[in-house]
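Note: the block below is upload-v9.tsv and it holds TSV, C-alpha atoms.
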chain	number	residue	atom	x	y	z
G	1209	MET	CA	-19.95	-21.29	6.93
G	1210	SER	CA	-18.31	-20.61	10.29
G	1211	ALA	CA	-18.26	-17.05	11.48
G	1212	ILE	CA	-15.20	-14.84	11.73
G	1213	LEU	CA	-14.22	-13.62	15.19
G	1214	PRO	CA	-16.49	-10.73	16.15
G	1215	ALA	CA	-15.68	-7.35	17.69
G	1216	GLY	CA	-14.97	-7.58	21.40
G	1217	THR	CA	-12.95	-10.81	21.09
G	1218	PRO	CA	-9.30	-10.66	22.14
G	1219	ALA	CA	-7.26	-11.14	18.96
G	1220	PRO	CA	-5.47	-14.51	19.11
G	1221	ASP	CA	-1.72	-14.07	19.09
G	1222	PHE	CA	0.31	-15.74	16.35
G	1223	THR	CA	3.80	-15.81	14.89
G	1224	LEU	CA	4.35	-16.07	11.13
G	1225	HIS	CA	7.17	-15.54	8.66
G	1226	VAL	CA	7.19	-12.13	7.01
G	1227	THR	CA	10.38	-12.80	5.07
G	1228	PRO	CA	12.21	-16.04	4.41
G	1229	ASP	CA	14.27	-15.53	7.57
G	1230	GLN	CA	12.20	-13.28	9.84
G	1231	THR	CA	9.07	-13.89	11.85
G	1232	LEU	CA	6.62	-11.41	13.35
G	1233	SER	CA	4.23	-11.94	16.26
G	1234	LEU	CA	1.00	-10.02	16.62
G	1235	SER	CA	1.85	-9.35	20.26
G	1236	GLU	CA	4.97	-7.41	19.18
G	1237	LEU	CA	2.61	-4.76	17.84
G	1238	ARG	CA	0.71	-4.29	21.11
G	1239	GLY	CA	0.30	-0.58	21.83
G	1240	ARG	CA	-0.86	0.40	18.35
G	1241	PRO	CA	-3.87	-0.52	16.24
G	1242	VAL	CA	-3.36	-3.39	13.78
G	1243	ILE	CA	-5.22	-4.03	10.55
G	1244	LEU	CA	-5.25	-7.72	9.70
G	1245	ALA	CA	-6.25	-8.36	6.11
G	1246	PHE	CA	-6.71	-12.02	5.17
G	1247	TYR	CA	-6.97	-12.65	1.43
G	1248	PRO	CA	-7.10	-15.76	-0.74
G	1249	ALA	CA	-3.96	-15.53	-2.87
G	1250	ASP	CA	-1.12	-13.45	-4.28
G	1251	TRP	CA	-0.95	-12.56	-7.99
G	1252	SER	CA	-4.57	-11.76	-8.77
G	1253	PRO	CA	-4.65	-10.42	-12.34
G	1254	VAL	CA	-6.14	-6.98	-11.69
G	1255	CYS	CA	-4.39	-3.74	-10.90
G	1256	GLY	CA	-5.77	-2.02	-7.86
G	1257	ASP	CA	-6.52	-5.30	-6.18
G	1258	GLN	CA	-7.20	-5.30	-2.47
G	1259	MET	CA	-3.60	-5.29	-1.20
G	1260	GLY	CA	-2.66	-2.71	-3.84
G	1261	LEU	CA	-5.40	-0.43	-2.63
G	1262	TYR	CA	-4.24	-0.72	0.98
G	1263	ASN	CA	-0.69	-0.03	-0.18
G	1264	GLU	CA	-1.87	3.31	-1.61
G	1265	LEU	CA	-3.64	4.07	1.66
G	1266	LEU	CA	-0.71	3.44	3.98
G	1267	PRO	CA	-0.27	7.17	4.76
G	1268	GLU	CA	-3.90	7.24	5.92
G	1269	PHE	CA	-3.44	4.20	8.14
G	1270	GLN	CA	-0.25	5.72	9.52
G	1271	LYS	CA	-2.24	8.75	10.68
G	1272	PHE	CA	-3.81	6.35	13.18
G	1273	HIS	CA	-0.42	4.75	13.97
G	1274	ALA	CA	-1.95	1.56	12.63
G	1275	GLU	CA	0.15	-1.30	11.27
G	1276	LEU	CA	-1.18	-3.23	8.28
G	1277	LEU	CA	-0.51	-6.96	7.90
G	1278	GLY	CA	-1.60	-8.96	4.85
G	1279	VAL	CA	-2.11	-12.70	5.42
G	1280	SER	CA	-2.56	-15.49	2.88
G	1281	VAL	CA	-1.54	-19.15	2.74
G	1282	ASP	CA	1.14	-18.40	0.14
G	1283	GLY	CA	4.73	-19.20	1.07
G	1284	VAL	CA	7.47	-16.68	1.92
G	1285	TRP	CA	9.13	-16.69	-1.51
G	1286	CYS	CA	5.83	-16.10	-3.26
G	1287	HIS	CA	5.11	-13.19	-0.90
G	1288	GLU	CA	8.59	-11.78	-1.45
G	1289	ALA	CA	8.20	-11.80	-5.24
G	1290	PHE	CA	4.65	-10.42	-5.08
G	1291	ALA	CA	5.52	-7.60	-2.67
G	1292	LYS	CA	8.51	-6.63	-4.79
G	1293	ASP	CA	6.51	-6.66	-8.02
G	1294	ARG	CA	3.73	-4.51	-6.59
G	1295	HIS	CA	5.96	-2.23	-4.46
G	1296	TYR	CA	4.18	-3.12	-1.25
G	1297	HIS	CA	5.44	-1.24	1.79
G	1298	PHE	CA	3.80	-3.43	4.42
G	1299	PRO	CA	4.40	-7.03	5.53
G	1300	LEU	CA	2.79	-10.03	3.88
G	1301	MET	CA	2.60	-12.94	6.28
G	1302	ALA	CA	2.85	-16.56	5.19
G	1303	ASP	CA	0.10	-18.63	6.86
G	1304	PHE	CA	1.79	-21.56	5.21
G	1305	GLU	CA	2.64	-24.24	7.78
G	1306	PRO	CA	0.43	-25.53	9.30
G	1307	LYS	CA	-1.60	-24.39	6.33
G	1308	GLY	CA	-4.09	-21.70	7.21
G	1309	ALA	CA	-3.67	-22.22	10.94
G	1310	VAL	CA	-3.91	-18.50	11.73
G	1311	ALA	CA	-6.82	-18.03	9.33
G	1312	HIS	CA	-8.52	-20.92	11.16
G	1313	MET	CA	-8.00	-19.21	14.52
G	1314	TYR	CA	-9.79	-16.14	13.20
G	1315	GLY	CA	-12.62	-18.14	11.62
G	1316	ALA	CA	-11.35	-17.01	8.22
G	1317	TYR	CA	-10.42	-20.20	6.36
G	1318	ARG	CA	-12.13	-21.63	3.29
G	1319	SER	CA	-11.40	-25.31	3.75
G	1320	GLN	CA	-12.84	-26.38	0.39
G	1321	GLU	CA	-10.41	-24.23	-1.59
G	1322	GLY	CA	-7.67	-24.26	1.02
G	1323	VAL	CA	-7.27	-20.48	1.12
G	1324	ALA	CA	-8.06	-17.68	3.56
G	1325	GLN	CA	-11.31	-15.78	3.31
G	1326	ARG	CA	-11.38	-12.11	2.41
G	1327	ALA	CA	-11.67	-11.17	6.07
G	1328	LEU	CA	-10.69	-7.91	7.70
G	1329	PHE	CA	-9.96	-7.23	11.35
G	1330	VAL	CA	-9.11	-3.97	13.06
G	1331	ILE	CA	-7.46	-4.73	16.39
G	1332	ASP	CA	-7.13	-1.98	18.99
G	1333	LYS	CA	-3.92	-1.14	20.79
G	1334	ASN	CA	-4.88	-3.44	23.65
G	1335	GLY	CA	-5.10	-6.45	21.39
G	1336	VAL	CA	-8.91	-6.64	21.21
G	1337	ILE	CA	-10.75	-6.94	17.89
G	1338	ALA	CA	-12.60	-3.65	17.45
G	1339	TRP	CA	-14.15	-4.46	14.08
G	1340	SER	CA	-14.27	-7.37	11.70
G	1341	TYR	CA	-15.80	-7.96	8.30
G	1342	LEU	CA	-16.13	-10.93	5.98
G	1343	SER	CA	-16.39	-10.10	2.30
G	1344	PRO	CA	-17.75	-12.48	-0.34
G	1345	VAL	CA	-14.58	-13.97	-1.81
G	1346	ALA	CA	-15.24	-12.49	-5.26
G	1347	VAL	CA	-15.78	-8.96	-3.95
G	1348	ASN	CA	-12.88	-6.76	-2.94
G	1349	PRO	CA	-14.12	-5.11	0.27
G	1350	GLY	CA	-12.13	-1.93	-0.22
G	1351	ALA	CA	-11.02	0.29	2.62
G	1352	GLU	CA	-14.06	2.20	3.83
G	1353	GLY	CA	-14.80	-0.20	6.70
G	1354	ILE	CA	-11.19	-0.12	7.87
G	1355	LEU	CA	-11.04	3.68	7.81
G	1356	GLU	CA	-14.30	4.00	9.72
G	1357	ALA	CA	-13.19	1.43	12.29
G	1358	LEU	CA	-9.88	3.24	12.82
G	1359	GLU	CA	-11.75	6.51	13.32
G	1360	ASN	CA	-14.05	4.89	15.88
G	1361	LEU	CA	-11.20	3.54	18.00
G	1362	PRO	CA	-10.96	5.23	21.39
G	1363	LYS	CA	-8.11	7.75	21.42
O	1268	MET	CA	-23.88	-2.34	-1.21
O	1269	SER	CA	-21.38	0.49	-1.40
O	1270	MET	CA	-22.67	3.99	-1.89
O	1271	LEU	CA	-20.92	7.11	-3.13
O	1272	LYS	CA	-20.04	9.10	-0.03
O	1273	ILE	CA	-19.44	12.45	-1.70
O	1274	PRO	CA	-22.32	13.21	-4.06
O	1275	VAL	CA	-21.59	14.78	-7.43
O	1276	ARG	CA	-21.15	18.52	-7.01
O	1277	PRO	CA	-20.41	21.46	-9.33
O	1278	GLU	CA	-16.62	21.22	-8.87
O	1279	ASP	CA	-16.67	17.72	-10.40
O	1280	HIS	CA	-15.91	17.12	-14.07
O	1281	ILE	CA	-19.37	16.43	-15.48
O	1282	ASP	CA	-20.10	15.50	-19.07
O	1283	GLY	CA	-23.83	15.89	-19.63
O	1284	GLU	CA	-26.88	17.77	-18.47
O	1285	ALA	CA	-27.48	18.67	-14.84
O	1286	ASP	CA	-30.97	17.22	-15.03
O	1287	ALA	CA	-29.99	13.88	-16.57
O	1288	PRO	CA	-31.94	11.19	-14.69
O	1289	CYS	CA	-28.91	8.92	-14.45
O	1290	THR	CA	-25.37	9.74	-13.34
O	1291	LEU	CA	-22.44	7.44	-14.05
O	1292	VAL	CA	-19.37	8.13	-11.92
O	1293	GLU	CA	-16.07	6.49	-12.74
O	1294	TYR	CA	-13.11	6.46	-10.38
O	1295	GLY	CA	-10.15	5.91	-12.68
O	1296	ASP	CA	-6.41	5.86	-13.12
O	1297	TYR	CA	-5.11	7.25	-16.44
O	1298	GLN	CA	-2.28	4.72	-16.55
O	1299	CYS	CA	-4.41	1.69	-15.72
O	1300	PRO	CA	-4.95	-0.66	-18.67
O	1301	HIS	CA	-8.40	-1.62	-17.40
O	1302	CYS	CA	-9.44	2.03	-17.42
O	1303	GLY	CA	-7.94	2.26	-20.89
O	1304	ARG	CA	-10.22	-0.57	-21.94
O	1305	ALA	CA	-13.20	1.07	-20.25
O	1306	TYR	CA	-12.65	4.41	-22.01
O	1307	PRO	CA	-14.23	3.51	-25.38
O	1308	ILE	CA	-16.92	1.50	-23.62
O	1309	VAL	CA	-17.99	4.54	-21.61
O	1310	LYS	CA	-18.09	6.58	-24.83
O	1311	ARG	CA	-20.43	4.00	-26.38
O	1312	VAL	CA	-22.60	4.01	-23.28
O	1313	GLN	CA	-22.78	7.81	-23.34
O	1314	LYS	CA	-23.75	7.75	-27.00
O	1315	HIS	CA	-26.43	5.13	-26.33
O	1316	PHE	CA	-28.17	7.04	-23.55
O	1317	GLY	CA	-27.74	10.58	-24.87
O	1318	LYS	CA	-29.37	13.18	-22.64
O	1319	ARG	CA	-30.55	10.58	-20.12
O	1320	LEU	CA	-27.02	10.11	-18.79
O	1321	ARG	CA	-24.32	12.36	-17.41
O	1322	PHE	CA	-20.80	11.06	-16.81
O	1323	VAL	CA	-18.44	12.12	-14.03
O	1324	PHE	CA	-14.76	11.17	-13.77
O	1325	ARG	CA	-12.88	11.26	-10.48
O	1326	ASN	CA	-9.20	10.49	-9.96
O	1327	PHE	CA	-8.04	7.27	-8.34
O	1328	PRO	CA	-4.37	6.97	-9.25
O	1329	LEU	CA	-2.56	3.85	-8.10
O	1330	ASN	CA	0.81	5.52	-7.73
O	1331	GLU	CA	2.78	2.53	-6.51
O	1332	ILE	CA	2.20	0.49	-9.63
O	1333	HIS	CA	1.54	3.29	-12.15
O	1334	PRO	CA	4.37	5.81	-11.82
O	1335	GLN	CA	2.84	8.35	-14.22
O	1336	ALA	CA	-0.72	8.11	-12.96
O	1337	GLU	CA	-0.45	11.06	-10.59
O	1338	THR	CA	1.14	13.31	-13.21
O	1339	ALA	CA	-1.54	12.32	-15.69
O	1340	ALA	CA	-4.28	13.13	-13.19
O	1341	GLU	CA	-2.77	16.52	-12.36
O	1342	THR	CA	-2.35	17.24	-16.07
O	1343	ALA	CA	-6.04	16.60	-16.60
O	1344	GLU	CA	-6.92	18.90	-13.72
O	1345	PHE	CA	-4.66	21.61	-15.18
O	1346	ALA	CA	-6.39	21.22	-18.54
O	1347	GLY	CA	-9.68	21.59	-16.71
O	1348	SER	CA	-8.58	24.91	-15.26
O	1349	GLN	CA	-8.01	26.03	-18.84
O	1350	GLY	CA	-11.40	24.80	-19.99
O	1351	LYS	CA	-10.24	21.63	-21.77
O	1352	TYR	CA	-10.79	18.88	-19.21
O	1353	TRP	CA	-12.53	16.34	-21.43
O	1354	GLU	CA	-10.18	16.91	-24.36
O	1355	MET	CA	-7.26	16.09	-22.08
O	1356	HIS	CA	-9.07	13.19	-20.37
O	1357	ASP	CA	-9.68	11.62	-23.78
O	1358	ALA	CA	-6.18	12.36	-25.08
O	1359	LEU	CA	-4.62	10.73	-22.02
O	1360	PHE	CA	-6.55	7.50	-22.45
O	1361	GLU	CA	-5.81	7.48	-26.17
O	1362	ASN	CA	-2.08	7.83	-25.47
O	1363	GLN	CA	-1.52	5.56	-22.50
O	1364	ASN	CA	1.43	3.90	-24.18
O	1365	HIS	CA	3.33	7.18	-24.42
O	1366	PHE	CA	3.31	8.29	-20.81
O	1367	SER	CA	6.62	9.70	-19.61
O	1368	PRO	CA	7.46	12.88	-17.68
O	1369	ALA	CA	8.24	14.70	-20.95
O	1370	PHE	CA	5.05	13.58	-22.61
O	1371	PHE	CA	2.52	15.59	-20.62
O	1372	PRO	CA	3.72	19.11	-21.47
O	1373	GLU	CA	3.99	18.02	-25.11
O	1374	LEU	CA	0.39	16.82	-25.01
O	1375	ALA	CA	-0.70	20.07	-23.39
O	1376	GLN	CA	0.99	21.97	-26.19
O	1377	LYS	CA	-0.74	19.81	-28.77
O	1378	LEU	CA	-4.10	20.64	-27.25
O	1379	GLY	CA	-3.36	24.36	-27.38
O	1380	LEU	CA	-2.69	24.66	-23.67
O	1381	ASP	CA	0.10	26.48	-21.90
O	1382	ALA	CA	2.86	23.86	-21.59
O	1383	ALA	CA	5.02	26.05	-19.34
O	1384	GLY	CA	2.00	26.61	-17.12
O	1385	LEU	CA	1.55	22.86	-16.86
O	1386	ARG	CA	5.22	22.30	-15.97
O	1387	ASP	CA	4.85	24.92	-13.30
O	1388	ALA	CA	1.65	23.44	-11.93
O	1389	LEU	CA	3.24	19.99	-11.79
O	1390	ALA	CA	6.42	21.27	-10.13
O	1391	THR	CA	4.47	23.17	-7.48
O	1392	GLU	CA	2.05	20.24	-6.97
O	1393	LYS	CA	-0.80	22.66	-7.51
O	1394	TYR	CA	-3.40	19.97	-8.15
O	1395	ARG	CA	-2.03	17.33	-5.80
O	1396	ALA	CA	-4.50	18.04	-3.02
O	1397	HIS	CA	-7.43	17.91	-5.41
O	1398	VAL	CA	-6.37	14.56	-6.82
O	1399	ARG	CA	-5.78	13.21	-3.30
O	1400	SER	CA	-9.21	14.43	-2.25
O	1401	ASP	CA	-10.78	12.51	-5.16
O	1402	PHE	CA	-8.78	9.46	-4.14
O	1403	MET	CA	-9.89	9.59	-0.52
O	1404	SER	CA	-13.52	10.15	-1.49
O	1405	GLY	CA	-13.21	6.98	-3.52
O	1406	ALA	CA	-11.60	5.02	-0.71
O	1407	ARG	CA	-14.40	6.16	1.60
O	1408	SER	CA	-17.01	5.11	-0.93
O	1409	GLY	CA	-15.75	1.57	-1.33
O	1410	VAL	CA	-13.69	2.04	-4.48
O	1411	ASN	CA	-11.65	-1.13	-4.55
O	1412	GLY	CA	-9.77	-1.01	-7.83
O	1413	THR	CA	-9.83	0.78	-11.14
O	1414	PRO	CA	-12.10	1.42	-12.80
O	1415	THR	CA	-14.91	1.49	-10.27
O	1416	PHE	CA	-18.30	2.72	-11.42
O	1417	PHE	CA	-21.20	4.18	-9.45
O	1418	ILE	CA	-24.62	4.45	-11.04
O	1419	ASN	CA	-26.85	6.97	-9.29
O	1420	GLY	CA	-24.55	6.67	-6.31
O	1421	GLN	CA	-24.55	2.88	-6.08
O	1422	ARG	CA	-21.33	0.98	-6.73
O	1423	LEU	CA	-21.47	-1.43	-9.66
O	1424	ASP	CA	-20.12	-4.81	-8.57
O	1425	GLY	CA	-19.17	-7.35	-11.18
O	1426	PRO	CA	-18.16	-6.88	-14.81
O	1427	TRP	CA	-18.45	-3.47	-16.48
O	1428	ASP	CA	-18.48	-4.38	-20.18
O	1429	TYR	CA	-20.84	-2.51	-22.48
O	1430	GLN	CA	-23.90	-4.70	-21.90
O	1431	GLU	CA	-23.45	-4.80	-18.13
O	1432	LEU	CA	-23.22	-1.01	-17.96
O	1433	VAL	CA	-26.25	-0.56	-20.23
O	1434	ASP	CA	-28.30	-3.04	-18.18
O	1435	ALA	CA	-27.32	-1.41	-14.89
O	1436	ILE	CA	-28.13	2.08	-16.17
O	1437	ASN	CA	-31.45	0.89	-17.58
O	1438	GLY	CA	-32.18	-0.59	-14.18
O	1439	ALA	CA	-31.46	2.73	-12.50
O	1440	LEU	CA	-33.58	4.63	-15.03
O	1441	ALA	CA	-36.48	2.24	-14.49
O	1442	GLY	CA	-36.19	2.52	-10.74
O	1443	SER	CA	-36.14	6.31	-10.63

Would it be possible to restate this file's structure as structure tokens?
Amino acid sequence: MSAILPAGTPAPDFTLHVTPDQTLSLSELRGRPVILAFYPADWSPVCGDQMGLYNELLPEFQKFHAELLGVSVDGVWCHEAFAKDRHYHFPLMADFEPKGAVAHMYGAYRSQEGVAQRALFVIDKNGVIAWSYLSPVAVNPGAEGILEALENLPK
Amino acid sequence: MSMLKIPVRPEDHIDGEADAPCTLVEYGDYQCPHCGRAYPIVKRVQKHFGKRLRFVFRNFPLNEIHPQAETAAETAEFAGSQGKYWEMHDALFENQNHFSPAFFPELAQKLGLDAAGLRDALATEKYRAHVRSDFMSGARSGVNGTPTFFINGQRLDGPWDYQELVDAINGALAGS
């Protein structure tokens, strides 16, 4: 299994659709910390799944002025329906075409299944990866690593 | 392996003896159907282990998808302040299908609690900080959904049906 990009690596820039007609580039968020959460797929059948947990924690992330981006290979309409159903207040990005290209750049693609890994990255305000973590795909990594990484960012 | 960051302390809601060799902590959401399913399972587990096990419940409401979860959690805390925490905890899980803003004071009344006091406590958000503090302690401990169980401080990964819980607790008892 290839490794995800480690701390100290400049975070590769990318541009993906966040809604059917809008795109967002990572570089647009330069100047604040960014949490990049890759996950395999929308619509997992549990409440309190990974994105749901982060949704509840948005006020905590906002204390650090951090922006949260969820990334999976699902398409924009799937993301739109999922975000609406679960009341997500952060962007879901469609790493749809070329499939998984951004996940690939971050070393976070599972080519056998054709989905992103459960990989987390905390990127500092200068665009450098401050912390990254790869979770076994069946284990929801939770938020403790993200919160610690945000706390450890230089002020 | 995720560990409980805030150990069990006297302010927690603890069902069992202080010297029980095994402690089961559940982070739960009163409106979550999975927690609803876990509720009778935990009762069975408690019955099975008797004095060897104490059970602790901490709040982890998922407010965005469970609109009454916060109110339910605060209602339970209010009941606790009146000495009836576990009665309310149980009543909430047994009545998940009836949750509505009007329901909680009615339930308080039914349990012999001061319904007006509850309405007041809810309106003034008296227990909000406590519930949030539980929630953050869970987030810091690697709680990743509801229910999440910790056995002697170690997060249980994988299924939490009756046999899995019994096996994990037996493992902890053997190891101690």

### Task
Please provide the set of residues having any atom within 12 Å of Ser1367 in chain O, restricted to only C-alpha atoms, with same-chain residues fewer than 3 positions apart removed, written as a ChimeraX atom specification.
/O:1298,1333-1339,1359,1362-1364,1370-1374

Atoms kept (C-alpha atoms) for selection, written as a PDB file, in the frame of the given file:
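Result written to result_19.pdb:
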ATOM      1  CA  GLN O1298      -2.280   4.720 -16.550  1.00  0.00           C
ATOM      2  CA  HIS O1333       1.540   3.290 -12.150  1.00  0.00           C
ATOM      3  CA  PRO O1334       4.370   5.810 -11.820  1.00  0.00           C
ATOM      4  CA  GLN O1335       2.840   8.350 -14.220  1.00  0.00           C
ATOM      5  CA  ALA O1336      -0.720   8.110 -12.960  1.00  0.00           C
ATOM      6  CA  GLU O1337      -0.450  11.060 -10.590  1.00  0.00           C
ATOM      7  CA  THR O1338       1.140  13.310 -13.210  1.00  0.00           C
ATOM      8  CA  ALA O1339      -1.540  12.320 -15.690  1.00  0.00           C
ATOM      9  CA  LEU O1359      -4.620  10.730 -22.020  1.00  0.00           C
ATOM     10  CA  ASN O1362      -2.080   7.830 -25.470  1.00  0.00           C
ATOM     11  CA  GLN O1363      -1.520   5.560 -22.500  1.00  0.00           C
ATOM     12  CA  ASN O1364       1.430   3.900 -24.180  1.00  0.00           C
ATOM     13  CA  PHE O1370       5.050  13.580 -22.610  1.00  0.00           C
ATOM     14  CA  PHE O1371       2.520  15.590 -20.620  1.00  0.00           C
ATOM     15  CA  PRO O1372       3.720  19.110 -21.470  1.00  0.00           C
ATOM     16  CA  GLU O1373       3.990  18.020 -25.110  1.00  0.00           C
ATOM     17  CA  LEU O1374       0.390  16.820 -25.010  1.00  0.00           C
TER      18      LEU O1374
END

### Message
With all atoms listed in the file considered, list every residue of chain G at most 12 Å from chain O, as a PyMOL selection string.
### Response
chain G and resi 1252-1268+1291-1297+1343-1344+1346-1357

### Task
Give as a ChimeraX atom specification every residue, naming chains and numbers as the document does, that has an atom within 12 Å of (7.1, 23.8, -19.0), counting all atoms listed in the file.
/O:1342,1368-1376,1380-1391

### Task
Using only C-alpha atoms, find the one residue out of O:Tyr1429, O:Pro1307, O:Asp1434, O:Val1323 that sits nearest to Asp1357 in chain O.
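The shortest atom-to-atom distance to Asp1357 in chain O comes from O:Pro1307.
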
### Message
Counting all atoms listed in the file, which residue out of O:Ala1441, O:Leu1320, O:Cys1302, O:Val1433 sits closest to Asp1286 in chain O?
### Response
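That would be O:Leu1320, the residue with the smallest distance to Asp1286 in chain O.
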
### Polymer residues at most 12 Å from Glu1354 in chain O, all atoms listed in the file, same-chain spacing of 3 or more positions, as a list of chain:residue names
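After dropping sequence-adjacent residues, the list is O:His1280, O:Asp1282, O:Thr1342, O:Ala1343, O:Glu1344, O:Phe1345, O:Ala1346, O:Gly1347, O:Gln1349, O:Gly1350, O:Lys1351, O:Asp1357, O:Ala1358, O:Leu1359, O:Phe1360, O:Glu1361, O:Leu1374, O:Ala1375, O:Lys1377, O:Leu1378, O:Gly1379, O:Leu1380.
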
### Message
So that I can check the surroundings of range 1235-1241 of chain G, please list as a list in words every protein, DNA and RNA residue that reaches within 8 Å of it, counting all atoms listed in the file and ignoring chain neighbours fewer than 3 positions away.
### Response
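The filter keeps Asp1221, Phe1222, Leu1232, Phe1272, His1273, Ala1274, Glu1275, Val1330, Ile1331, Asp1332, Lys1333, Asn1334, Gly1335 and Leu1358 of chain G.
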
So which residues touch Leu1244 in chain G within 7 Å, counting only C-alpha atoms, skipping near sequence neighbours fewer than 5 positions away, as a PDB file with C-alpha atoms, in the coordinates of the input?
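Written output follows (part.pdb):
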ATOM      1  CA  LEU G1276      -1.180  -3.230   8.280  1.00  0.00           C
ATOM      2  CA  LEU G1277      -0.510  -6.960   7.900  1.00  0.00           C
ATOM      3  CA  GLY G1278      -1.600  -8.960   4.850  1.00  0.00           C
ATOM      4  CA  LEU G1328     -10.690  -7.910   7.700  1.00  0.00           C
ATOM      5  CA  PHE G1329      -9.960  -7.230  11.350  1.00  0.00           C
ATOM      6  CA  VAL G1330      -9.110  -3.970  13.060  1.00  0.00           C
TER       7      VAL G1330
END

### Query
Which residue gives the smallest distance to Met1301 in chain G among G:Asn1360, G:Gln1230, G:Gln1270, G:Thr1217, with all atoms listed in the file counted?
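Selected residue with least distance to Met1301 in chain G: G:Gln1230.
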
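Between CA of His1365 in chain O and CA of Tyr1352 in chain O lies a distance of 19.1 Å.
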
### Query
Which residue, O:Glu1341, O:Glu1284, O:Asp1279, O:Glu1293, has the smallest gap to Ala1305 in chain O when you use all atoms listed in the file?
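That would be O:Glu1293, the residue with the smallest distance to Ala1305 in chain O.
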
### Message
Calculated over all atoms listed in the file, which of the candidates O:Ala1396, O:Val1312, O:Ala1287, O:Tyr1306 has the smallest distance to Ala1435 in chain O?
### Response
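Checking each of O:Ala1396, O:Val1312, O:Ala1287, O:Tyr1306 against Ala1435 in chain O, counting all atoms listed in the file, the winner is O:Val1312.
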
### Query
Closest to Ala1249 in chain G among G:Ala1211, G:Ile1337, G:Cys1286, G:Ala1309, using only C-alpha atoms?
G:Cys1286

### Atom pair CA of Gly1438 in chain O / CA of Leu1342 in chain G: separation (Å)
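Taking CA of Gly1438 in chain O as the start and CA of Leu1342 in chain G as the end point, the length is 27.8 Å.
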
### Query
Which polymer residues, protein or nucleic acid, are no farther than 6 Å from (-19.5, 1.1, -17.1), counting only C-alpha atoms, as a PyMOL selection string?
chain O and resi 1309+1427+1432

Next, dump the selected residues to file, keeping only C-alpha atoms, as a tab-separated table (two decimals), in the frame of the given file.
chain	number	residue	atom	x	y	z
O	1309	VAL	CA	-17.99	4.54	-21.61
O	1427	TRP	CA	-18.45	-3.47	-16.48
O	1432	LEU	CA	-23.22	-1.01	-17.96

### Query
So what do you get for CA of Ser1400 in chain O versus CA of Val1292 in chain O, distance-wise?
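Separation of CA of Ser1400 in chain O and CA of Val1292 in chain O: 15.4 Å.
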
### Query
Within 7 Å of Met1270 in chain O, counting all atoms listed in the file, which residues qualify if same-chain residues fewer than 5 places away don't, as a list in words?
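Contacts, with the query itself left out: Ser1408, Gly1420, Gln1421 and Arg1422 of chain O.
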
Reconstruct range 1329-1341 of chain G at the level of N, CA and C atoms, and format the result as a tab-separated table (two decimals), keeping the file's coordinate frame.
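Writing the result to part35.tsv gives the following:
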chain	number	residue	atom	x	y	z
G	1329	PHE	N	-9.87	-7.45	9.91
G	1329	PHE	CA	-9.96	-7.23	11.35
G	1329	PHE	C	-9.22	-5.95	11.69
G	1330	VAL	N	-9.85	-5.10	12.49
G	1330	VAL	CA	-9.11	-3.97	13.06
G	1330	VAL	C	-8.99	-4.26	14.55
G	1331	ILE	N	-7.75	-4.36	15.00
G	1331	ILE	CA	-7.46	-4.73	16.39
G	1331	ILE	C	-6.97	-3.49	17.12
G	1332	ASP	N	-7.53	-3.20	18.28
G	1332	ASP	CA	-7.13	-1.98	18.99
G	1332	ASP	C	-5.78	-2.18	19.67
G	1333	LYS	N	-5.28	-1.09	20.26
G	1333	LYS	CA	-3.92	-1.14	20.79
G	1333	LYS	C	-3.78	-2.05	22.00
G	1334	ASN	N	-4.92	-2.50	22.54
G	1334	ASN	CA	-4.88	-3.44	23.65
G	1334	ASN	C	-5.04	-4.88	23.19
G	1335	GLY	N	-5.03	-5.09	21.89
G	1335	GLY	CA	-5.10	-6.45	21.39
G	1335	GLY	C	-6.50	-7.02	21.29
G	1336	VAL	N	-7.53	-6.16	21.32
G	1336	VAL	CA	-8.91	-6.64	21.21
G	1336	VAL	C	-9.44	-6.28	19.82
G	1337	ILE	N	-10.16	-7.21	19.21
G	1337	ILE	CA	-10.75	-6.94	17.89
G	1337	ILE	C	-11.83	-5.87	18.05
G	1338	ALA	N	-11.63	-4.74	17.36
G	1338	ALA	CA	-12.60	-3.65	17.45
G	1338	ALA	C	-13.64	-3.74	16.34
G	1339	TRP	N	-13.26	-4.36	15.24
G	1339	TRP	CA	-14.15	-4.46	14.08
G	1339	TRP	C	-13.69	-5.59	13.21
G	1340	SER	N	-14.65	-6.33	12.64
G	1340	SER	CA	-14.27	-7.37	11.70
G	1340	SER	C	-15.31	-7.44	10.59
G	1341	TYR	N	-14.89	-7.92	9.46
G	1341	TYR	CA	-15.80	-7.96	8.30
G	1341	TYR	C	-15.37	-9.08	7.38
